[in-house]
$ cat run21.cif   # mmCIF, C-alpha atoms and all ligand atoms
data_coords
loop_
_atom_site.group_PDB
_atom_site.id
_atom_site.type_symbol
_atom_site.label_atom_id
_atom_site.label_comp_id
_atom_site.auth_asym_id
_atom_site.auth_seq_id
_atom_site.Cartn_x
_atom_site.Cartn_y
_atom_site.Cartn_z
ATOM 1 C CA MET A 1 -264.307 16.470 35.947
ATOM 2 C CA MET A 2 -263.307 20.041 36.701
ATOM 3 C CA MET A 3 -260.853 20.251 39.523
ATOM 4 C CA ALA A 4 -258.476 22.789 40.932
ATOM 5 C CA ALA A 5 -254.852 21.805 40.426
ATOM 6 C CA GLY A 6 -252.973 19.986 43.139
ATOM 7 C CA LEU A 7 -255.929 18.619 45.098
ATOM 8 C CA HIS A 8 -256.234 14.986 46.063
ATOM 9 C CA VAL A 9 -259.661 13.891 44.956
ATOM 10 C CA GLY A 10 -259.267 10.155 44.426
ATOM 11 C CA ALA A 11 -260.448 8.998 47.820
ATOM 12 C CA ARG A 12 -263.873 9.671 49.277
ATOM 13 C CA ALA A 13 -263.917 11.129 52.733
ATOM 14 C CA GLN A 14 -264.311 8.513 55.428
ATOM 15 C CA GLY A 15 -267.931 8.026 56.369
ATOM 16 C CA THR A 16 -269.290 8.794 52.920
ATOM 17 C CA THR A 17 -270.644 5.936 50.869
ATOM 18 C CA THR A 18 -271.763 5.443 47.308
ATOM 19 C CA ALA A 19 -275.180 4.153 48.397
ATOM 20 C CA ALA A 20 -277.402 6.347 50.556
ATOM 21 C CA LEU A 21 -278.101 4.959 54.020
ATOM 22 C CA THR A 22 -281.251 6.034 55.821
ATOM 23 C CA ASN A 23 -280.875 8.286 58.846
ATOM 24 C CA GLY A 24 -283.314 9.954 61.202
ATOM 25 C CA ALA A 25 -286.688 11.258 60.104
ATOM 26 C CA GLY A 26 -285.702 14.387 58.196
ATOM 27 C CA PHE A 27 -286.592 16.976 60.799
ATOM 28 C CA TYR A 28 -284.805 18.680 63.688
ATOM 29 C CA ARG A 29 -286.930 20.373 66.342
ATOM 30 C CA PHE A 30 -285.828 22.788 69.054
ATOM 31 C CA LYS A 31 -287.130 25.674 71.146
ATOM 32 C CA LEU A 32 -286.418 29.367 70.644
ATOM 33 C CA GLY A 33 -287.950 31.002 73.705
ATOM 34 C CA ASP A 34 -291.665 30.196 73.399
ATOM 35 C CA PHE A 35 -291.385 29.253 69.720
ATOM 36 C CA THR A 36 -290.950 25.724 68.396
ATOM 37 C CA CYS A 37 -288.584 25.631 65.435
ATOM 38 C CA MET A 38 -288.358 22.700 63.027
ATOM 39 C CA VAL A 39 -285.832 22.392 60.258
ATOM 40 C CA ILE A 40 -287.619 20.154 57.758
ATOM 41 C CA SER A 41 -285.252 18.615 55.234
ATOM 42 C CA ASP A 42 -286.204 18.689 51.575
ATOM 43 C CA GLY A 43 -283.505 16.053 51.153
ATOM 44 C CA GLN A 44 -280.037 16.209 49.688
ATOM 45 C CA SER A 45 -278.566 16.046 46.236
ATOM 46 C CA THR A 46 -275.179 14.544 45.516
ATOM 47 C CA GLY A 47 -273.338 15.052 42.293
ATOM 48 C CA GLY A 48 -270.989 17.361 40.503
ATOM 49 C CA ASN A 49 -268.125 19.298 41.994
ATOM 50 C CA THR A 50 -267.931 21.909 44.691
ATOM 51 C CA PHE A 51 -266.277 24.346 42.321
ATOM 52 C CA PRO A 52 -267.082 26.669 40.725
ATOM 53 C CA ASN A 53 -270.686 26.717 41.996
ATOM 54 C CA TRP A 54 -269.802 26.846 45.689
ATOM 55 C CA GLY A 55 -266.740 29.039 45.363
ATOM 56 C CA ALA A 56 -266.726 30.944 42.123
ATOM 57 C CA ASN A 57 -263.851 33.319 42.835
ATOM 58 C CA PRO A 58 -261.327 33.016 39.989
ATOM 59 C CA GLY A 59 -257.915 31.817 41.159
ATOM 60 C CA ARG A 60 -259.092 30.911 44.665
ATOM 61 C CA GLN A 61 -260.379 27.401 44.181
ATOM 62 C CA GLU A 62 -257.217 25.561 45.170
ATOM 63 C CA GLU A 63 -257.097 27.569 48.394
ATOM 64 C CA PHE A 64 -260.803 26.905 49.058
ATOM 65 C CA GLY A 65 -260.364 23.228 48.214
ATOM 66 C CA LYS A 66 -257.635 22.849 50.810
ATOM 67 C CA VAL A 67 -260.009 24.212 53.450
ATOM 68 C CA LEU A 68 -262.673 21.673 52.492
ATOM 69 C CA GLN A 69 -260.095 18.884 52.644
ATOM 70 C CA ALA A 70 -258.885 20.102 56.037
ATOM 71 C CA ASN A 71 -262.520 19.869 57.182
ATOM 72 C CA PHE A 72 -262.967 16.369 55.687
ATOM 73 C CA ILE A 73 -265.514 17.587 53.127
ATOM 74 C CA PRO A 74 -265.140 15.939 49.709
ATOM 75 C CA ILE A 75 -264.624 18.315 46.791
ATOM 76 C CA GLU A 76 -266.525 15.876 44.617
ATOM 77 C CA PRO A 77 -269.127 14.608 44.594
ATOM 78 C CA PHE A 78 -270.610 17.643 46.297
ATOM 79 C CA THR A 79 -273.574 16.960 48.577
ATOM 80 C CA ASN A 80 -276.047 19.814 48.861
ATOM 81 C CA ASN A 81 -278.614 20.209 51.630
ATOM 82 C CA PHE A 82 -282.021 21.868 51.398
ATOM 83 C CA ASN A 83 -283.219 23.161 54.760
ATOM 84 C CA PRO A 84 -286.686 24.732 54.799
ATOM 85 C CA MET A 85 -287.996 25.491 58.269
ATOM 86 C CA VAL A 86 -291.269 25.712 60.175
ATOM 87 C CA ILE A 87 -291.524 28.174 63.051
ATOM 88 C CA ASP A 88 -294.534 27.586 65.294
ATOM 89 C CA THR A 89 -295.018 30.782 67.291
ATOM 90 C CA GLY A 90 -298.001 29.339 69.177
ATOM 91 C CA LYS A 91 -300.270 31.496 67.057
ATOM 92 C CA ASN A 92 -298.869 30.884 63.553
ATOM 93 C CA LYS A 93 -297.133 28.039 61.796
ATOM 94 C CA VAL A 94 -294.802 29.642 59.286
ATOM 95 C CA LEU A 95 -292.979 27.670 56.602
ATOM 96 C CA ILE A 96 -289.814 29.317 55.292
ATOM 97 C CA ASP A 97 -289.278 28.160 51.681
ATOM 98 C CA THR A 98 -290.835 25.117 50.076
ATOM 99 C CA GLY A 99 -287.946 23.045 48.706
ATOM 100 C CA ARG A 100 -287.599 21.627 45.218
ATOM 101 C CA GLY A 101 -290.976 19.978 44.791
ATOM 102 C CA GLY A 102 -291.381 17.349 42.083
ATOM 103 C CA THR A 103 -289.901 13.896 42.504
ATOM 104 C CA ASN A 104 -286.786 15.121 44.353
ATOM 105 C CA GLY A 105 -288.535 17.132 47.021
ATOM 106 C CA GLN A 106 -288.853 15.418 50.404
ATOM 107 C CA LEU A 107 -290.341 18.311 52.347
ATOM 108 C CA LEU A 108 -293.884 16.916 52.534
ATOM 109 C CA GLN A 109 -292.787 13.476 53.739
ATOM 110 C CA ASN A 110 -290.550 14.997 56.397
ATOM 111 C CA LEU A 111 -293.254 17.492 57.388
ATOM 112 C CA ARG A 112 -295.513 14.493 58.063
ATOM 113 C CA ASN A 113 -292.692 12.864 60.035
ATOM 114 C CA ALA A 114 -292.687 15.987 62.214
ATOM 115 C CA GLY A 115 -296.438 15.609 62.784
ATOM 116 C CA LEU A 116 -297.640 18.327 60.411
ATOM 117 C CA THR A 117 -299.639 18.383 57.190
ATOM 118 C CA PRO A 118 -299.561 21.109 54.502
ATOM 119 C CA ALA A 119 -302.999 22.228 55.739
ATOM 120 C CA ASP A 120 -301.454 23.094 59.136
ATOM 121 C CA ILE A 121 -299.201 25.735 57.578
ATOM 122 C CA ASP A 122 -300.920 29.152 57.804
ATOM 123 C CA THR A 123 -298.085 31.246 56.370
ATOM 124 C CA VAL A 124 -295.453 30.520 53.709
ATOM 125 C CA PHE A 125 -292.512 32.893 53.405
ATOM 126 C CA ILE A 126 -290.391 32.762 50.235
ATOM 127 C CA THR A 127 -286.812 34.021 50.641
ATOM 128 C CA HIS A 128 -286.162 34.247 46.885
ATOM 129 C CA GLY A 129 -287.235 32.994 43.497
ATOM 130 C CA HIS A 130 -284.775 30.127 42.837
ATOM 131 C CA GLY A 131 -286.307 26.753 41.981
ATOM 132 C CA ASP A 132 -284.995 24.926 45.064
ATOM 133 C CA HIS A 133 -286.994 27.382 47.229
ATOM 134 C CA ILE A 134 -290.249 27.714 45.295
ATOM 135 C CA GLY A 135 -290.586 24.302 43.593
ATOM 136 C CA GLY A 136 -292.645 22.877 46.464
ATOM 137 C CA MET A 137 -295.345 25.538 46.129
ATOM 138 C CA THR A 138 -297.297 23.383 43.648
ATOM 139 C CA ASP A 139 -298.083 19.715 43.084
ATOM 140 C CA ALA A 140 -297.712 17.824 39.800
ATOM 141 C CA ALA A 141 -300.980 19.330 38.533
ATOM 142 C CA GLY A 142 -299.869 22.868 39.367
ATOM 143 C CA ALA A 143 -302.238 23.190 42.339
ATOM 144 C CA SER A 144 -301.269 25.051 45.501
ATOM 145 C CA VAL A 145 -299.778 22.658 48.096
ATOM 146 C CA PHE A 146 -300.203 25.016 51.055
ATOM 147 C CA ALA A 147 -303.765 25.931 50.218
ATOM 148 C CA ASN A 148 -304.623 27.477 53.611
ATOM 149 C CA ALA A 149 -301.569 29.647 53.850
ATOM 150 C CA LYS A 150 -301.083 33.343 53.515
ATOM 151 C CA LEU A 151 -298.120 33.775 51.140
ATOM 152 C CA VAL A 152 -295.396 36.336 51.795
ATOM 153 C CA MET A 153 -292.311 37.432 49.898
ATOM 154 C CA GLY A 154 -290.271 40.549 49.172
ATOM 155 C CA GLN A 155 -291.782 43.029 46.756
ATOM 156 C CA GLN A 156 -288.447 43.646 45.022
ATOM 157 C CA GLU A 157 -287.819 39.910 44.621
ATOM 158 C CA TYR A 158 -291.282 39.345 43.167
ATOM 159 C CA ASP A 159 -290.945 42.251 40.748
ATOM 160 C CA PHE A 160 -287.550 41.038 39.548
ATOM 161 C CA TRP A 161 -288.641 37.479 38.752
ATOM 162 C CA ALA A 162 -291.990 38.557 37.328
ATOM 163 C CA SER A 163 -290.008 40.591 34.771
ATOM 164 C CA GLN A 164 -287.896 37.571 33.742
ATOM 165 C CA ASN A 165 -290.592 35.329 32.252
ATOM 166 C CA ASN A 166 -289.027 32.445 34.210
ATOM 167 C CA ALA A 167 -290.836 29.118 33.774
ATOM 168 C CA GLY A 168 -290.489 27.968 37.392
ATOM 169 C CA PHE A 169 -291.578 31.330 38.768
ATOM 170 C CA ASN A 170 -294.486 31.528 36.321
ATOM 171 C CA ARG A 171 -295.642 28.099 37.456
ATOM 172 C CA ASN A 172 -295.035 28.270 41.230
ATOM 173 C CA ILE A 173 -295.544 31.900 42.221
ATOM 174 C CA VAL A 174 -297.317 34.018 39.616
ATOM 175 C CA PRO A 175 -300.650 32.072 39.645
ATOM 176 C CA PHE A 176 -300.970 32.829 43.377
ATOM 177 C CA LYS A 177 -300.149 36.516 43.154
ATOM 178 C CA ASP A 178 -303.462 37.531 44.734
ATOM 179 C CA ARG A 179 -302.714 35.483 47.840
ATOM 180 C CA PHE A 180 -299.335 37.160 48.379
ATOM 181 C CA THR A 181 -298.464 39.916 50.796
ATOM 182 C CA PHE A 182 -295.361 41.693 49.489
ATOM 183 C CA VAL A 183 -292.981 43.048 52.117
ATOM 184 C CA LYS A 184 -289.912 45.226 52.443
ATOM 185 C CA ASP A 185 -287.014 45.313 54.903
ATOM 186 C CA GLY A 186 -288.152 45.153 58.532
ATOM 187 C CA ASP A 187 -291.775 44.321 57.786
ATOM 188 C CA GLU A 188 -293.575 41.854 60.022
ATOM 189 C CA ILE A 189 -294.378 38.454 58.480
ATOM 190 C CA VAL A 190 -296.387 37.329 61.513
ATOM 191 C CA PRO A 191 -295.935 38.563 65.113
ATOM 192 C CA GLY A 192 -292.385 37.571 66.132
ATOM 193 C CA LEU A 193 -291.029 37.179 62.600
ATOM 194 C CA THR A 194 -289.659 39.966 60.410
ATOM 195 C CA ALA A 195 -288.254 40.068 56.871
ATOM 196 C CA VAL A 196 -284.621 41.151 56.489
ATOM 197 C CA HIS A 197 -283.476 42.593 53.146
ATOM 198 C CA THR A 198 -280.372 40.560 52.295
ATOM 199 C CA PRO A 199 -279.572 41.259 48.630
ATOM 200 C CA GLY A 200 -276.816 39.828 46.462
ATOM 201 C CA HIS A 201 -277.669 36.153 46.099
ATOM 202 C CA THR A 202 -280.659 37.533 44.244
ATOM 203 C CA ALA A 203 -281.713 41.149 43.816
ATOM 204 C CA GLY A 204 -284.385 41.156 46.512
ATOM 205 C CA HIS A 205 -283.465 38.158 48.666
ATOM 206 C CA MET A 206 -284.944 38.268 52.186
ATOM 207 C CA ALA A 207 -283.922 36.388 55.324
ATOM 208 C CA VAL A 208 -286.187 35.883 58.350
ATOM 209 C CA LEU A 209 -285.483 37.114 61.870
ATOM 210 C CA ALA A 210 -287.435 35.318 64.613
ATOM 211 C CA THR A 211 -287.595 36.849 68.094
ATOM 212 C CA SER A 212 -289.117 35.286 71.205
ATOM 213 C CA GLY A 213 -288.315 37.196 74.391
ATOM 214 C CA THR A 214 -284.552 37.712 74.376
ATOM 215 C CA ASN A 215 -284.004 34.780 72.001
ATOM 216 C CA LYS A 216 -283.241 35.427 68.350
ATOM 217 C CA LEU A 217 -282.764 33.265 65.298
ATOM 218 C CA MET A 218 -282.108 34.245 61.710
ATOM 219 C CA HIS A 219 -282.935 31.901 58.870
ATOM 220 C CA PHE A 220 -280.417 33.126 56.323
ATOM 221 C CA GLY A 221 -282.045 31.533 53.307
ATOM 222 C CA ASP A 222 -279.235 31.578 50.751
ATOM 223 C CA ALA A 223 -277.740 34.814 52.069
ATOM 224 C CA GLY A 224 -275.601 32.618 54.363
ATOM 225 C CA GLY A 225 -273.790 30.972 51.439
ATOM 226 C CA HIS A 226 -271.546 28.009 52.237
ATOM 227 C CA PHE A 227 -271.152 26.940 55.877
ATOM 228 C CA LEU A 228 -267.339 26.943 55.793
ATOM 229 C CA LEU A 229 -266.125 29.021 52.871
ATOM 230 C CA SER A 230 -268.502 31.990 53.121
ATOM 231 C CA LEU A 231 -267.586 32.456 56.779
ATOM 232 C CA MET A 232 -263.826 31.941 56.523
ATOM 233 C CA PHE A 233 -263.318 34.075 53.426
ATOM 234 C CA PRO A 234 -265.039 37.483 53.547
ATOM 235 C CA ASP A 235 -264.790 37.846 49.756
ATOM 236 C CA HIS A 236 -265.986 34.328 48.928
ATOM 237 C CA TYR A 237 -269.031 34.127 46.677
ATOM 238 C CA LEU A 238 -271.125 31.458 45.023
ATOM 239 C CA GLY A 239 -271.644 30.810 41.342
ATOM 240 C CA PHE A 240 -275.345 31.249 42.153
ATOM 241 C CA ASP A 241 -274.874 34.772 43.602
ATOM 242 C CA SER A 242 -276.324 37.199 41.077
ATOM 243 C CA ASN A 243 -274.285 40.127 42.443
ATOM 244 C CA PRO A 244 -271.101 38.910 44.212
ATOM 245 C CA GLU A 245 -270.256 42.328 45.643
ATOM 246 C CA ASN A 246 -273.688 42.734 47.244
ATOM 247 C CA ALA A 247 -273.713 39.107 48.370
ATOM 248 C CA THR A 248 -270.424 39.416 50.271
ATOM 249 C CA ALA A 249 -271.450 42.774 51.783
ATOM 250 C CA THR A 250 -274.724 41.220 52.968
ATOM 251 C CA ARG A 251 -272.901 38.214 54.442
ATOM 252 C CA LYS A 252 -270.544 40.428 56.404
ATOM 253 C CA LYS A 253 -273.517 42.338 57.793
ATOM 254 C CA ILE A 254 -275.591 39.330 58.872
ATOM 255 C CA PHE A 255 -272.600 37.357 60.192
ATOM 256 C CA GLU A 256 -271.533 40.375 62.239
ATOM 257 C CA MET A 257 -275.070 40.807 63.567
ATOM 258 C CA ALA A 258 -275.403 37.117 64.424
ATOM 259 C CA ALA A 259 -272.020 37.030 66.169
ATOM 260 C CA ASN A 260 -272.602 40.230 68.161
ATOM 261 C CA GLU A 261 -276.102 39.270 69.252
ATOM 262 C CA ARG A 262 -275.272 35.585 69.808
ATOM 263 C CA MET A 263 -278.332 34.659 67.778
ATOM 264 C CA MET A 264 -278.999 31.214 66.385
ATOM 265 C CA VAL A 265 -278.804 30.875 62.635
ATOM 266 C CA VAL A 266 -280.009 28.450 59.970
ATOM 267 C CA GLY A 267 -278.462 28.144 56.527
ATOM 268 C CA TYR A 268 -280.667 26.750 53.798
ATOM 269 C CA HIS A 269 -277.743 24.881 52.231
ATOM 270 C CA TYR A 270 -275.650 24.364 55.373
ATOM 271 C CA ALA A 271 -274.746 20.833 56.484
ATOM 272 C CA TRP A 272 -277.785 19.159 58.051
ATOM 273 C CA PRO A 273 -279.527 20.305 60.176
ATOM 274 C CA GLY A 274 -277.918 23.644 59.347
ATOM 275 C CA VAL A 275 -278.570 25.108 62.807
ATOM 276 C CA GLY A 276 -275.908 26.794 64.910
ATOM 277 C CA ASN A 277 -274.263 30.033 65.901
ATOM 278 C CA ILE A 278 -271.741 32.384 64.344
ATOM 279 C CA ARG A 279 -268.602 33.531 66.094
ATOM 280 C CA LYS A 280 -265.787 35.791 65.026
ATOM 281 C CA LYS A 281 -262.535 34.106 64.112
ATOM 282 C CA ASP A 282 -259.451 36.128 63.182
ATOM 283 C CA ALA A 283 -260.606 38.656 60.579
ATOM 284 C CA ALA A 284 -263.590 36.527 59.592
ATOM 285 C CA TYR A 285 -266.225 34.206 61.093
ATOM 286 C CA GLU A 286 -266.952 30.597 61.923
ATOM 287 C CA PHE A 287 -270.168 28.565 61.982
ATOM 288 C CA VAL A 288 -270.542 26.515 65.165
ATOM 289 C CA PRO A 289 -273.115 23.723 64.683
ATOM 290 C CA THR A 290 -275.717 23.425 67.397
ATOM 291 C CA PHE A 291 -275.408 20.830 70.124
ATOM 292 C CA PHE A 292 -277.845 18.256 68.732
ATOM 293 C CA ARG A 293 -280.444 17.225 71.311
ATOM 294 C CA PHE A 294 -282.740 14.228 70.939
HETATM 295 ZN ZN ZN B 301 -280.883 27.730 47.193
#

$ encode --input "run21.cif" --output "structure tokens"
Amino acid sequence: MMMAAGLHVGARAQGTTTAALTNGAGFYRFKLGDFTCMVISDGQSTGGNTFPNWGANPGRQEEFGKVLQANFIPIEPFTNNFNPMVIDTGKNKVLIDTGRGGTNGQLLQNLRNAGLTPADIDTVFITHGHGDHIGGMTDAAGASVFANAKLVMGQQEYDFWASQNNAGFNRNIVPFKDRFTFVKDGDEIVPGLTAVHTPGHTAGHMAVLATSGTNKLMHFGDAGGHFLLSLMFPDHYLGFDSNPENATATRKKIFEMAANERMMVVGYHYAWPGVGNIRKKDAAYEFVPTFFRF
């Protein structure tokens, strides 16, 4: 067990249990202007420690750990969320990221719970090439799960991973290259949705900005980092961030934009359902979870 010095880790936070209890149906649906937005959970994983993966800064982990404790979040075991999203614009049904796939992935079950099948999805947008975002592209036989969908991702992100000879990318993305539309910053994904270049987590990571009338929402993908630490500490970065300097610069930019424009945000790894707003707090920011409506 790797643990920052001086932290009390013996007791689990109240409300957490060793055995998983079943809750809800794995989706959260709400309106954004004329659009219907659905966060579709790919499930959670519990295990390991928060640090260093979720706060890699050397020498800062005791400080970060105290913040988690003050917010009643256990340092270990760390529970991770996976929050893909469907945005139904009335004309298109766009899935943002596909979850882990395989035996862990729960996206398809929860999509069905929300009344949708993979065949209903006409566009899949991939924020970046990590396995927890592209694993759900294929089934066990390697066939395309979203067979009717136009596929969209950033050109720079595709080029980077295609040069890496990465097994997951070679399996889940490369075989469908001809179906992909490759985009750059500001390009339209479908009417109402644009790609936002948000580098640092990966070289060509892209978030999605959805606009309906005066209403805006940004799905951060992994550019949003951790829902407490990345907002409270402007220099905080993840062990998964390929370029910490770019990742923190991107976070500052999108948090500032979200706060100034009062837009809704979704974090792919934020605490379920990962939907809320960003406001400024002192010299940094704060994530305010949405008011959950049944
Ligand atoms: Zn991720």

$ atom_distance --input "run21.cif" --atom1 "CA of Met257 (chain A)" --atom2 "CA of Met218 (chain A)"
9.8 Å

$ atom_distance --input "run21.cif" --atom1 "CA of Leu193 (chain A)" --atom2 "CA of Leu238 (chain A)"
27.2 Å

$ residues_around --input "run21.cif" --residues "Phe35 (chain A)" --least-positions-apart "6" --cutoff "12 Å" --atoms "only C-alpha atoms" --output "list in words"
Arg29, Val86, Ile87, Asp88, Thr89, Gly90, Lys91, Asn92, Lys93, Val94, Pro191, Gly192, Leu193, Ala210, Thr211, Ser212, Gly213, Thr214, Asn215, Lys216 and Leu217 of chain A

$ closest_residue --input "run21.cif" --among "A:Gln109, A:Gln156, A:Thr202, A:Asn166" --to "ligand ZN 301 (chain B)" --atoms "all atoms listed in the file"
A:Thr202

$ residues_near_ligand --input "run21.cif" --ligand "ligand ZN 301 (chain B)" --cutoff "9 Å" --atoms "only C-alpha atoms and all ligand atoms" --output "number ranges by chain"
A: 82, 99, 128, 130-133, 221-222, 225, 240, 268-269

$ decode --input "run21.cif" --residues "region 55-81 of chain A" --atoms "N, CA and C atoms" --output "PDB file, in the first residue's frame"
ATOM      1  N   GLY A  55      -3.091  12.267  -8.544  1.00  0.00           N
ATOM      2  CA  GLY A  55      -2.432  13.473  -8.069  1.00  0.00           C
ATOM      3  C   GLY A  55      -0.950  13.185  -8.060  1.00  0.00           C
ATOM      4  N   ALA A  56      -0.324  13.342  -9.201  1.00  0.00           N
ATOM      5  CA  ALA A  56       1.031  12.824  -9.379  1.00  0.00           C
ATOM      6  C   ALA A  56       2.113  13.783  -8.916  1.00  0.00           C
ATOM      7  N   ASN A  57       1.707  15.020  -8.558  1.00  0.00           N
ATOM      8  CA  ASN A  57       2.722  16.019  -8.218  1.00  0.00           C
ATOM      9  C   ASN A  57       3.612  15.551  -7.070  1.00  0.00           C
ATOM     10  N   PRO A  58       4.922  15.477  -7.291  1.00  0.00           N
ATOM     11  CA  PRO A  58       5.813  15.059  -6.197  1.00  0.00           C
ATOM     12  C   PRO A  58       5.716  16.016  -5.015  1.00  0.00           C
ATOM     13  N   GLY A  59       5.656  15.450  -3.810  1.00  0.00           N
ATOM     14  CA  GLY A  59       5.662  16.271  -2.597  1.00  0.00           C
ATOM     15  C   GLY A  59       4.333  16.893  -2.225  1.00  0.00           C
ATOM     16  N   ARG A  60       3.299  16.668  -3.040  1.00  0.00           N
ATOM     17  CA  ARG A  60       2.006  17.320  -2.778  1.00  0.00           C
ATOM     18  C   ARG A  60       0.938  16.347  -2.283  1.00  0.00           C
ATOM     19  N   GLN A  61       1.290  15.067  -2.171  1.00  0.00           N
ATOM     20  CA  GLN A  61       0.222  14.098  -1.977  1.00  0.00           C
ATOM     21  C   GLN A  61      -0.384  14.125  -0.575  1.00  0.00           C
ATOM     22  N   GLU A  62       0.397  14.532   0.408  1.00  0.00           N
ATOM     23  CA  GLU A  62      -0.188  14.659   1.749  1.00  0.00           C
ATOM     24  C   GLU A  62      -1.205  15.805   1.762  1.00  0.00           C
ATOM     25  N   GLU A  63      -0.831  16.893   1.125  1.00  0.00           N
ATOM     26  CA  GLU A  63      -1.733  18.055   1.033  1.00  0.00           C
ATOM     27  C   GLU A  63      -3.014  17.670   0.273  1.00  0.00           C
ATOM     28  N   PHE A  64      -2.859  16.988  -0.857  1.00  0.00           N
ATOM     29  CA  PHE A  64      -4.025  16.558  -1.635  1.00  0.00           C
ATOM     30  C   PHE A  64      -4.880  15.580  -0.827  1.00  0.00           C
ATOM     31  N   GLY A  65      -4.203  14.675  -0.116  1.00  0.00           N
ATOM     32  CA  GLY A  65      -4.928  13.673   0.664  1.00  0.00           C
ATOM     33  C   GLY A  65      -5.800  14.301   1.730  1.00  0.00           C
ATOM     34  N   LYS A  66      -5.297  15.365   2.331  1.00  0.00           N
ATOM     35  CA  LYS A  66      -6.084  16.054   3.372  1.00  0.00           C
ATOM     36  C   LYS A  66      -7.356  16.652   2.784  1.00  0.00           C
ATOM     37  N   VAL A  67      -7.260  17.126   1.547  1.00  0.00           N
ATOM     38  CA  VAL A  67      -8.452  17.679   0.879  1.00  0.00           C
ATOM     39  C   VAL A  67      -9.477  16.584   0.626  1.00  0.00           C
ATOM     40  N   LEU A  68      -9.008  15.415   0.175  1.00  0.00           N
ATOM     41  CA  LEU A  68      -9.944  14.303  -0.039  1.00  0.00           C
ATOM     42  C   LEU A  68     -10.607  13.921   1.282  1.00  0.00           C
ATOM     43  N   GLN A  69      -9.807  13.826   2.347  1.00  0.00           N
ATOM     44  CA  GLN A  69     -10.373  13.472   3.646  1.00  0.00           C
ATOM     45  C   GLN A  69     -11.383  14.507   4.106  1.00  0.00           C
ATOM     46  N   ALA A  70     -11.069  15.788   3.889  1.00  0.00           N
ATOM     47  CA  ALA A  70     -11.997  16.849   4.285  1.00  0.00           C
ATOM     48  C   ALA A  70     -13.301  16.768   3.489  1.00  0.00           C
ATOM     49  N   ASN A  71     -13.240  16.140   2.318  1.00  0.00           N
ATOM     50  CA  ASN A  71     -14.437  15.970   1.482  1.00  0.00           C
ATOM     51  C   ASN A  71     -15.016  14.555   1.596  1.00  0.00           C
ATOM     52  N   PHE A  72     -14.530  13.798   2.595  1.00  0.00           N
ATOM     53  CA  PHE A  72     -15.089  12.466   2.891  1.00  0.00           C
ATOM     54  C   PHE A  72     -14.907  11.478   1.738  1.00  0.00           C
ATOM     55  N   ILE A  73     -13.834  11.670   0.972  1.00  0.00           N
ATOM     56  CA  ILE A  73     -13.494  10.758  -0.120  1.00  0.00           C
ATOM     57  C   ILE A  73     -12.347   9.874   0.365  1.00  0.00           C
ATOM     58  N   PRO A  74     -12.524   8.547   0.357  1.00  0.00           N
ATOM     59  CA  PRO A  74     -11.432   7.684   0.794  1.00  0.00           C
ATOM     60  C   PRO A  74     -10.223   7.787  -0.132  1.00  0.00           C
ATOM     61  N   ILE A  75      -9.037   7.735   0.473  1.00  0.00           N
ATOM     62  CA  ILE A  75      -7.803   7.752  -0.327  1.00  0.00           C
ATOM     63  C   ILE A  75      -7.572   6.376  -0.940  1.00  0.00           C
ATOM     64  N   GLU A  76      -7.983   5.344  -0.189  1.00  0.00           N
ATOM     65  CA  GLU A  76      -7.989   4.003  -0.769  1.00  0.00           C
ATOM     66  C   GLU A  76      -9.078   3.180  -0.106  1.00  0.00           C
ATOM     67  N   PRO A  77      -9.762   2.301  -0.810  1.00  0.00           N
ATOM     68  CA  PRO A  77      -9.592   2.099  -2.247  1.00  0.00           C
ATOM     69  C   PRO A  77     -10.205   3.264  -3.032  1.00  0.00           C
ATOM     70  N   PHE A  78      -9.572   3.577  -4.147  1.00  0.00           N
ATOM     71  CA  PHE A  78     -10.081   4.656  -4.991  1.00  0.00           C
ATOM     72  C   PHE A  78     -11.156   4.117  -5.932  1.00  0.00           C
ATOM     73  N   THR A  79     -12.298   4.803  -5.967  1.00  0.00           N
ATOM     74  CA  THR A  79     -13.366   4.418  -6.890  1.00  0.00           C
ATOM     75  C   THR A  79     -13.374   5.370  -8.074  1.00  0.00           C
ATOM     76  N   ASN A  80     -13.233   4.807  -9.256  1.00  0.00           N
ATOM     77  CA  ASN A  80     -13.209   5.601 -10.484  1.00  0.00           C
ATOM     78  C   ASN A  80     -14.542   5.458 -11.207  1.00  0.00           C
ATOM     79  N   ASN A  81     -14.998   6.557 -11.784  1.00  0.00           N
ATOM     80  CA  ASN A  81     -16.213   6.560 -12.598  1.00  0.00           C
ATOM     81  C   ASN A  81     -15.861   6.657 -14.071  1.00  0.00           C
TER      82      ASN A  81
END
